[in-house]
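Colleague: One structure, as structure tokens, below. Some questions next.
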Amino acid sequence: MNPKRFLRRHAVLQKLGISRTHLYELERAGDFPAHFMLSPRCAAWEEAAVDSWMEERAALRHESIQRDHS
């Protein structure tokens with residue numbers, strides 16, 4: 001069993017290549033995993049949830065490309 005890993009905001013932004021504003025817009029819309037507070041001033045995301053979200057987005061993209069070429 002792998003221990004859970006948490007990513008701070010800077011790591012999430014680097015991993016996704018998006019802006020902080022866009023990250024929080026996605027989260028607010030329910031389109032991205034919610035953060036939780038490690039401490040009163042430290043937000044974090046579960047790395048597995050972020051990775052799953054990325055895989056889902058890639059799968060949707062592939063489905064869209066295949067549909068467009070059918």
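Each chain in the structure tokens gets a letter, A, B and so on, in the order shown; residues start at 1 in every chain, and ligands are counted from 1 in the order they appear.
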As a list in words, list the residues of chain A assigned to strand (DSSP E) by DSSP on the backbone atoms of this structure.

Modeller: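 Put together, the selection reads Phe6, Leu7, Arg8, Phe36, Met37, Leu38, Ser39, Cys42, Ala43, Ala44, Trp45 and Glu46 of chain A.
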
Colleague: Atoms to include: N, CA and C atoms. Write the selected residues as an mmCIF file, in the first residue's frame.

Modeller:
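The resulting out.cif:
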```
data_model
loop_
_atom_site.group_PDB
_atom_site.id
_atom_site.type_symbol
_atom_site.label_atom_id
_atom_site.label_comp_id
_atom_site.auth_asym_id
_atom_site.auth_seq_id
_atom_site.Cartn_x
_atom_site.Cartn_y
_atom_site.Cartn_z
ATOM 1 N N PHE A 6 0.407 14.388 -0.439
ATOM 2 C CA PHE A 6 -0.337 15.623 -0.598
ATOM 3 C C PHE A 6 0.501 16.625 -1.367
ATOM 4 N N LEU A 7 -0.173 17.408 -2.200
ATOM 5 C CA LEU A 7 0.490 18.441 -2.979
ATOM 6 C C LEU A 7 0.029 19.809 -2.516
ATOM 7 N N ARG A 8 0.978 20.697 -2.329
ATOM 8 C CA ARG A 8 0.639 22.079 -2.017
ATOM 9 C C ARG A 8 0.268 22.776 -3.321
ATOM 10 N N PHE A 36 -8.002 20.693 0.894
ATOM 11 C CA PHE A 36 -8.270 20.672 2.329
ATOM 12 C C PHE A 36 -7.138 21.422 3.001
ATOM 13 N N MET A 37 -7.350 21.798 4.221
ATOM 14 C CA MET A 37 -6.363 22.609 4.926
ATOM 15 C C MET A 37 -5.487 21.716 5.809
ATOM 16 N N LEU A 38 -4.191 21.706 5.516
ATOM 17 C CA LEU A 38 -3.225 21.011 6.369
ATOM 18 C C LEU A 38 -3.017 21.778 7.665
ATOM 19 N N SER A 39 -3.101 23.078 7.552
ATOM 20 C CA SER A 39 -3.014 23.983 8.702
ATOM 21 C C SER A 39 -3.836 25.214 8.333
ATOM 22 N N CYS A 42 -2.394 26.594 5.037
ATOM 23 C CA CYS A 42 -1.740 25.663 4.112
ATOM 24 C C CYS A 42 -2.756 24.738 3.460
ATOM 25 N N ALA A 43 -3.107 25.046 2.198
ATOM 26 C CA ALA A 43 -4.035 24.210 1.440
ATOM 27 C C ALA A 43 -3.262 23.104 0.733
ATOM 28 N N ALA A 44 -3.916 21.940 0.594
ATOM 29 C CA ALA A 44 -3.283 20.813 -0.090
ATOM 30 C C ALA A 44 -4.346 19.987 -0.809
ATOM 31 N N TRP A 45 -3.890 19.214 -1.780
ATOM 32 C CA TRP A 45 -4.727 18.295 -2.537
ATOM 33 C C TRP A 45 -4.102 16.914 -2.453
ATOM 34 N N GLU A 46 -4.933 15.877 -2.459
ATOM 35 C CA GLU A 46 -4.405 14.523 -2.511
ATOM 36 C C GLU A 46 -3.824 14.293 -3.901
#
```

Colleague: Write down as a PyMOL selection string the residues of chain A whose backbone DSSP state falls under alpha helix (DSSP H).

Modeller: chain A and resi 9-16+20-28+47-68

Colleague: Neighbouring residues of Pro33 (chain A) were defined as those with any atom within 8 Å, considering only C-alpha atoms; residues of the same chain fewer than 6 positions away were excluded. Please report them as a PyMOL selection string.

Modeller: chain A and resi 27+45+49-50+53

Colleague: CA of Tyr24 (chain A) to CA of His10 (chain A): how many Å, to one decimal?

Modeller: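 Between CA of Tyr24 (chain A) and CA of His10 (chain A) the gap works out to 12.7 Å.
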
Colleague: If we count only C-alpha atoms, what is near Arg57 (chain A) at a cut-off of 12 Å, once residues fewer than 5 positions away on the same chain are taken out, given as a compact mmCIF listing (two decimals) with C-alpha atoms, in the first residue's frame?

Modeller:
```txt
# COMPACT_ATOMS: atom_id res chain seq x y z
CA LEU A 16 -1.27 21.09 -14.36
CA ASP A 31 -14.72 20.23 -11.86
CA PHE A 32 -11.55 19.61 -9.81
CA VAL A 50 -5.14 15.17 -8.91
CA ASP A 51 -3.64 12.32 -10.96
CA SER A 52 -7.08 10.72 -11.44
CA HIS A 62 -9.09 11.00 -26.59
CA GLU A 63 -12.81 10.19 -26.83
CA SER A 64 -13.46 13.59 -28.39
```

Colleague: Calculate how many Å separate CA of Arg20 (chain A) from CA of Pro3 (chain A), rounding to one decimal.

Modeller: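 Answer for the CA of Arg20 (chain A) to CA of Pro3 (chain A) separation: 26.7 Å.
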
Colleague: In Å to one decimal, how far is CA of Glu55 (chain A) from CA of Thr21 (chain A)?

Modeller: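 The value is 21.6 Å.
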
Colleague: Which residues come within 12 Å of Asn2 (chain A), counting only C-alpha atoms, excluding same-chain residues fewer than 3 positions away, as a list in words?

Modeller: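 Neighbouring residues, sequence-local ones excluded: Arg5, Glu47 and Ala48 of chain A.
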
Colleague: Please produce a file of those selected residues containing C-alpha atoms, as a tab-separated table (two decimals), in the first residue's frame.

Modeller:
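selection.tsv, freshly written:
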```
chain	number	residue	atom	x	y	z
A	5	ARG	CA	0.87	12.07	-0.71
A	47	GLU	CA	-1.94	13.64	-5.26
A	48	ALA	CA	-3.96	10.54	-6.24
```

Colleague: From the set A:Arg41, A:Lys4, A:Arg28, A:Lys15, which residue has the shortest atom-to-atom contact distance to Met54 (chain A), counting only C-alpha atoms?

Modeller: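 Ranking A:Arg41, A:Lys4, A:Arg28, A:Lys15 by distance to Met54 (chain A), first place goes to A:Lys15.
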